[in-house]
Protein chains: 2
Amino acid sequence: MEKLIVDLAERSYPIYIGQQLIDQLEYYQPHIDGQQVLIVTNDTVAPLYLEQVKQTLADHYQVAEVILPDGEQYKNLVTVEKVYDALLTNKFNRTVTLVALGGGVIGDITGFAAATYQRGVNFIQVPTTLLAQVDSSVGGKTGVNHPQGKNMIGAFYQPKCVIADTTTLNTLPSRELSAGIAEVIKYGLISDKPFFDWLTENIDSLVSRNSDNLSYAILRSCENKAWVVAQDEKEGGIRAILNLGHTFGHAIENYMGYGKWLHGEAVAAGMVQAADLSCRIGWIAASEVLEIQSLLKQANLPIKPPKEMSCNDYLELMAVDKKVIDGQLRLVLLESIGKAIVTADFDRQLLLDTLS
Amino acid sequence: MEKLIVDLAERSYPIYIGQQLIDQLEYYQPHIDGQQVLIVTNDTVAPLYLEQVKQTLADHYQVAEVILPDGEQYKNLVTVEKVYDALLTNKFNRTVTLVALGGGVIGDITGFAAATYQRGVNFIQVPTTLLAQVDSSVGGKTGVNHPQGKNMIGAFYQPKCVIADTTTLNTLPSRELSAGIAEVIKYGLISDKPFFDWLTENIDSLVSRNSDNLSYAILRSCENKAWVVAQDEKEGGIRAILNLGHTFGHAIENYMGYGKWLHGEAVAAGMVQAADLSCRIGWIAASEVLEIQSLLKQANLPIKPPKEMSCNDYLELMAVDKKVIDGQLRLVLLESIGKAIVTADFDRQLLLDTLS
């Protein structure tokens, strides 16, 4: 078991990474203050892991559960209300601890419910997808979508701990594993060239679920993310580099309808667009764009956006991106592989060229 | 104009109290960072003050508005969504400043929308009721009701400044003025005996809207509240004394249906219940309970709870109070006039006696 501390002063918390952790009481217990626990999970994960987690906690706490429908299309306020309903029906008070058992959507919804129930209660993340283990488990971004934009409603709110059990990845569909690898590759691209090189050499072993290499990739990804987040918890500046590929990717997800493209798939295509624009500006070489495309392709990820989207579709959808400041679109681009920056300083025509 | 600083380290902010402030740009300008402003108000306040505030800001900012239905019964997530909709329709980003123009409900909804839109944007409170000026303008409690309980969904989130314009009280219905005076009296009861005595002498002048005395009562109330909040921003301990009368009061509001009893009216009846229980325990004298009743009565406030509520109605509704910890009901009671404490240490039979 590896332990990584996300360093955020009084909001610091540990991430435990390893095999068969979710049924070990010792990882939960130090992070639960009261007597009440609500496990929040979905109808895909519940049959696989809910009983294990419940049994682990049931002797020590008053445990209840709420099972939400699975999918990004349910990441909205209506679903958050189901969590509030469960909390109130069980008469759970502000000493309750929420346990998010599932992927990124469950983590985001549960974190937001924890941030806003009785003005804030504790929560623990138990991410069961690679994407959630490397992405939403670090950084405290919680929230839900609005019909007019992704993640428009939310809060910065840190968990008490994260339990990333690599055993849970064995039941993950291949497409979702690949979507998680997209975010892993992102960390190499934005801030860690040696990790990018390691990924280029080891990508096949991740796709075939080599447990040790997955653990290493999760740890290294979380370290990279934790390093960025510790510098800029509320995304005033550098933290925005974590959104490489996301401005394009969110537009794709939004246009296609949530759930059609997985988040990681949209981000993969978006990272290629960001790399393409970075190349047009003259920052990275065309050969590097090909390297990135090749790595994503080996991970079975899309490297082209959906054919049906026009330039205008992108511009319209990207105008509500959270990185827009006073009407000015800013993008995360690559100065080199391993160094991303946030910039509004690009020729608009080059962006249009990338989009068409 | 009086200026009071609420001291919360990097979240400190000023409260401006005085006549004819809402059309003075100088009070807003230092607290607006970006170019975008959304005024959130309701259909009662909009005809009275919206144009003044809009005109004041329109030359300097891109100003939009959203007008919500008036009333506690609309303090819910559905109404918050109208604010999100307005923000997104105007393509307002995370540099937007929300201006809450109205009473406590508008302040609570707007604050919660500000806390959760794009994970947090700035907001300014312009309270137009006495209750909002003395209560919700200090302390950063934001949120909405859930069908199963009041203020169950929310966040601690501080405004950038509060502009408490006493001129706006001239248009306030008498019943709402009285409801505000209930909270003013509360500050005397919980932490300020000299202020309680001042109120006993000057209550008629407040009811008849003497402007100087109202300003003084607002300042003194805010000072008392700010002093409590500065010690305990997130209500881990002493801050709960601000809830004198509120556990009973919330039960009344909830039972009667939101909007039937004004919040301040329910709190007035609830404070009498708290005083009655404090007397039964032997902390305050029966004569002091009568003093409190007499003062509330002079302010045209109810001193008896609704006849139709039974003991069991209270116990059921109070069980979800946020001060309940692991099933144990805690109440704010009076050790003396001017000294409130939070305690679970009372004979349950005495509580039942008070309730019947």
# chains A, B, ... in the order shown; residues from 1 in each chain; ligands from 1
$ residues_around --residues "Asp7 (chain A)" --least-positions-apart "5" --cutoff "9 Å" --atoms "only C-alpha atoms" --output "list of chain:residue names"
A:Ser12, A:Tyr13, A:Pro14, A:Ala226, A:Trp227, A:Val229, A:Ala230
$ closest_atom_pairs --of "chain B" --to "chain A" --cutoff "7 Å" --atoms "only C-alpha atoms" --output "CSV"
residue,atom,partner,partner_atom,distance
B:Gln35,CA,A:Asp326,CA,6.7
B:Leu88,CA,A:Gln148,CA,6.7
B:Lys91,CA,A:Val320,CA,5.9
B:Asn93,CA,A:Lys322,CA,6.1
B:Arg94,CA,A:Lys322,CA,6.5
B:Thr95,CA,A:Ile325,CA,6.8
B:Ala115,CA,A:Ala155,CA,6.9
B:Thr116,CA,A:Gly154,CA,4.7
B:Tyr117,CA,A:Ile153,CA,4.9
B:Gln118,CA,A:Met152,CA,4.8
B:Arg119,CA,A:Ala155,CA,4.1
B:Gly120,CA,A:Ala155,CA,6.5
B:Gln148,CA,A:Leu88,CA,6.7
B:Met152,CA,A:Gln118,CA,4.8
B:Ile153,CA,A:Tyr117,CA,4.9
B:Gly154,CA,A:Arg119,CA,4.6
B:Ala155,CA,A:Arg119,CA,4.1
B:Phe156,CA,A:Arg119,CA,6.0
B:Val320,CA,A:Lys91,CA,5.9
B:Lys322,CA,A:Asn93,CA,6.2
B:Val324,CA,A:Asn93,CA,6.8
B:Ile325,CA,A:Asn93,CA,6.8
B:Asp326,CA,A:Gln35,CA,6.8
$ select_by_dssp --residues "region 112-330 of chain A" --states "strand (DSSP E or B)" --output "MDAnalysis selection string"
chainID A and resid 117 122:127 141:146 149:156 161:165 325 328
$ write_last_selection --atoms "N, CA and C atoms" --output "PDB file, in the first residue's frame"
ATOM      1  N   TYR A 117     -24.724  19.811   2.512  1.00  0.00           N
ATOM      2  CA  TYR A 117     -25.692  19.307   3.485  1.00  0.00           C
ATOM      3  C   TYR A 117     -25.400  19.948   4.838  1.00  0.00           C
ATOM      4  N   ASN A 122     -18.475  15.750   6.583  1.00  0.00           N
ATOM      5  CA  ASN A 122     -17.282  15.035   6.103  1.00  0.00           C
ATOM      6  C   ASN A 122     -17.612  14.035   4.997  1.00  0.00           C
ATOM      7  N   PHE A 123     -16.626  13.786   4.126  1.00  0.00           N
ATOM      8  CA  PHE A 123     -16.803  12.691   3.177  1.00  0.00           C
ATOM      9  C   PHE A 123     -15.485  12.011   2.838  1.00  0.00           C
ATOM     10  N   ILE A 124     -15.619  10.746   2.433  1.00  0.00           N
ATOM     11  CA  ILE A 124     -14.496   9.885   2.064  1.00  0.00           C
ATOM     12  C   ILE A 124     -14.726   9.421   0.640  1.00  0.00           C
ATOM     13  N   GLN A 125     -13.670   9.453  -0.175  1.00  0.00           N
ATOM     14  CA  GLN A 125     -13.792   8.981  -1.554  1.00  0.00           C
ATOM     15  C   GLN A 125     -13.265   7.556  -1.679  1.00  0.00           C
ATOM     16  N   VAL A 126     -14.068   6.685  -2.258  1.00  0.00           N
ATOM     17  CA  VAL A 126     -13.602   5.344  -2.601  1.00  0.00           C
ATOM     18  C   VAL A 126     -13.795   5.178  -4.114  1.00  0.00           C
ATOM     19  N   PRO A 127     -12.851   5.705  -4.904  1.00  0.00           N
ATOM     20  CA  PRO A 127     -13.025   5.697  -6.357  1.00  0.00           C
ATOM     21  C   PRO A 127     -12.808   4.300  -6.923  1.00  0.00           C
ATOM     22  N   LYS A 141     -12.519  19.294  -6.282  1.00  0.00           N
ATOM     23  CA  LYS A 141     -13.572  19.834  -7.142  1.00  0.00           C
ATOM     24  C   LYS A 141     -14.784  18.930  -7.020  1.00  0.00           C
ATOM     25  N   THR A 142     -15.898  19.520  -6.616  1.00  0.00           N
ATOM     26  CA  THR A 142     -17.136  18.758  -6.535  1.00  0.00           C
ATOM     27  C   THR A 142     -18.172  19.513  -7.345  1.00  0.00           C
ATOM     28  N   GLY A 143     -19.236  18.841  -7.748  1.00  0.00           N
ATOM     29  CA  GLY A 143     -20.275  19.579  -8.439  1.00  0.00           C
ATOM     30  C   GLY A 143     -21.051  18.760  -9.444  1.00  0.00           C
ATOM     31  N   VAL A 144     -21.990  19.444 -10.072  1.00  0.00           N
ATOM     32  CA  VAL A 144     -22.860  18.793 -11.051  1.00  0.00           C
ATOM     33  C   VAL A 144     -23.004  19.678 -12.288  1.00  0.00           C
ATOM     34  N   ASN A 145     -23.604  19.106 -13.317  1.00  0.00           N
ATOM     35  CA  ASN A 145     -23.799  19.818 -14.576  1.00  0.00           C
ATOM     36  C   ASN A 145     -25.091  20.626 -14.573  1.00  0.00           C
ATOM     37  N   HIS A 146     -25.136  21.620 -15.433  1.00  0.00           N
ATOM     38  CA  HIS A 146     -26.344  22.394 -15.706  1.00  0.00           C
ATOM     39  C   HIS A 146     -26.668  22.150 -17.179  1.00  0.00           C
ATOM     40  N   GLY A 149     -24.245  23.822 -19.291  1.00  0.00           N
ATOM     41  CA  GLY A 149     -22.791  23.723 -19.162  1.00  0.00           C
ATOM     42  C   GLY A 149     -22.378  22.722 -18.103  1.00  0.00           C
ATOM     43  N   LYS A 150     -21.209  22.114 -18.349  1.00  0.00           N
ATOM     44  CA  LYS A 150     -20.716  21.049 -17.483  1.00  0.00           C
ATOM     45  C   LYS A 150     -20.078  21.646 -16.222  1.00  0.00           C
ATOM     46  N   ASN A 151     -20.315  21.012 -15.094  1.00  0.00           N
ATOM     47  CA  ASN A 151     -19.689  21.408 -13.827  1.00  0.00           C
ATOM     48  C   ASN A 151     -19.928  22.873 -13.473  1.00  0.00           C
ATOM     49  N   MET A 152     -21.049  23.411 -13.899  1.00  0.00           N
ATOM     50  CA  MET A 152     -21.314  24.835 -13.653  1.00  0.00           C
ATOM     51  C   MET A 152     -21.736  25.082 -12.204  1.00  0.00           C
ATOM     52  N   ILE A 153     -22.196  24.043 -11.525  1.00  0.00           N
ATOM     53  CA  ILE A 153     -22.660  24.178 -10.147  1.00  0.00           C
ATOM     54  C   ILE A 153     -21.775  23.309  -9.262  1.00  0.00           C
ATOM     55  N   GLY A 154     -21.151  23.901  -8.261  1.00  0.00           N
ATOM     56  CA  GLY A 154     -20.268  23.078  -7.443  1.00  0.00           C
ATOM     57  C   GLY A 154     -19.572  23.859  -6.358  1.00  0.00           C
ATOM     58  N   ALA A 155     -18.616  23.208  -5.725  1.00  0.00           N
ATOM     59  CA  ALA A 155     -17.871  23.838  -4.639  1.00  0.00           C
ATOM     60  C   ALA A 155     -16.493  23.197  -4.573  1.00  0.00           C
ATOM     61  N   PHE A 156     -15.520  23.934  -4.035  1.00  0.00           N
ATOM     62  CA  PHE A 156     -14.249  23.313  -3.686  1.00  0.00           C
ATOM     63  C   PHE A 156     -14.421  22.717  -2.290  1.00  0.00           C
ATOM     64  N   CYS A 161     -10.267  11.501   3.300  1.00  0.00           N
ATOM     65  CA  CYS A 161      -9.251  10.604   2.753  1.00  0.00           C
ATOM     66  C   CYS A 161      -9.779  10.008   1.452  1.00  0.00           C
ATOM     67  N   VAL A 162      -8.856   9.424   0.679  1.00  0.00           N
ATOM     68  CA  VAL A 162      -9.221   8.727  -0.552  1.00  0.00           C
ATOM     69  C   VAL A 162      -8.664   7.308  -0.464  1.00  0.00           C
ATOM     70  N   ILE A 163      -9.500   6.330  -0.758  1.00  0.00           N
ATOM     71  CA  ILE A 163      -9.077   4.923  -0.739  1.00  0.00           C
ATOM     72  C   ILE A 163      -9.154   4.410  -2.179  1.00  0.00           C
ATOM     73  N   ALA A 164      -7.981   4.353  -2.843  1.00  0.00           N
ATOM     74  CA  ALA A 164      -7.935   3.940  -4.257  1.00  0.00           C
ATOM     75  C   ALA A 164      -7.489   2.486  -4.323  1.00  0.00           C
ATOM     76  N   ASP A 165      -8.460   1.617  -4.481  1.00  0.00           N
ATOM     77  CA  ASP A 165      -8.212   0.172  -4.458  1.00  0.00           C
ATOM     78  C   ASP A 165      -8.080  -0.316  -5.902  1.00  0.00           C
ATOM     79  N   ILE A 325     -12.539  34.753 -19.243  1.00  0.00           N
ATOM     80  CA  ILE A 325     -12.552  35.899 -18.335  1.00  0.00           C
ATOM     81  C   ILE A 325     -12.954  37.135 -19.129  1.00  0.00           C
ATOM     82  N   GLN A 328     -12.992  36.779 -22.833  1.00  0.00           N
ATOM     83  CA  GLN A 328     -11.747  36.357 -23.494  1.00  0.00           C
ATOM     84  C   GLN A 328     -11.525  34.853 -23.263  1.00  0.00           C
TER      85      GLN A 328
END
$ closest_residue --among "A:Asp59, A:Glu235, A:Asp33, A:Glu176" --to "Gly104 (chain A)" --atoms "only C-alpha atoms"
A:Glu176
$ closest_residue --among "B:Thr166, B:Ser294, B:Thr44, B:Ser310" --to "Leu219 (chain B)" --atoms "only C-alpha atoms"
B:Thr166
$ select_by_dssp --residues "region 59-158 of chain A" --states "helix (DSSP H, G or I)" --output "VMD selection string"
chain A and resid 72 to 74 77 to 89 104 to 116 130 to 136
$ closest_residue --among "A:Val37, A:Leu277, A:Tyr16, A:Ala100" --to "Arg348 (chain A)" --atoms "only C-alpha atoms"
A:Leu277
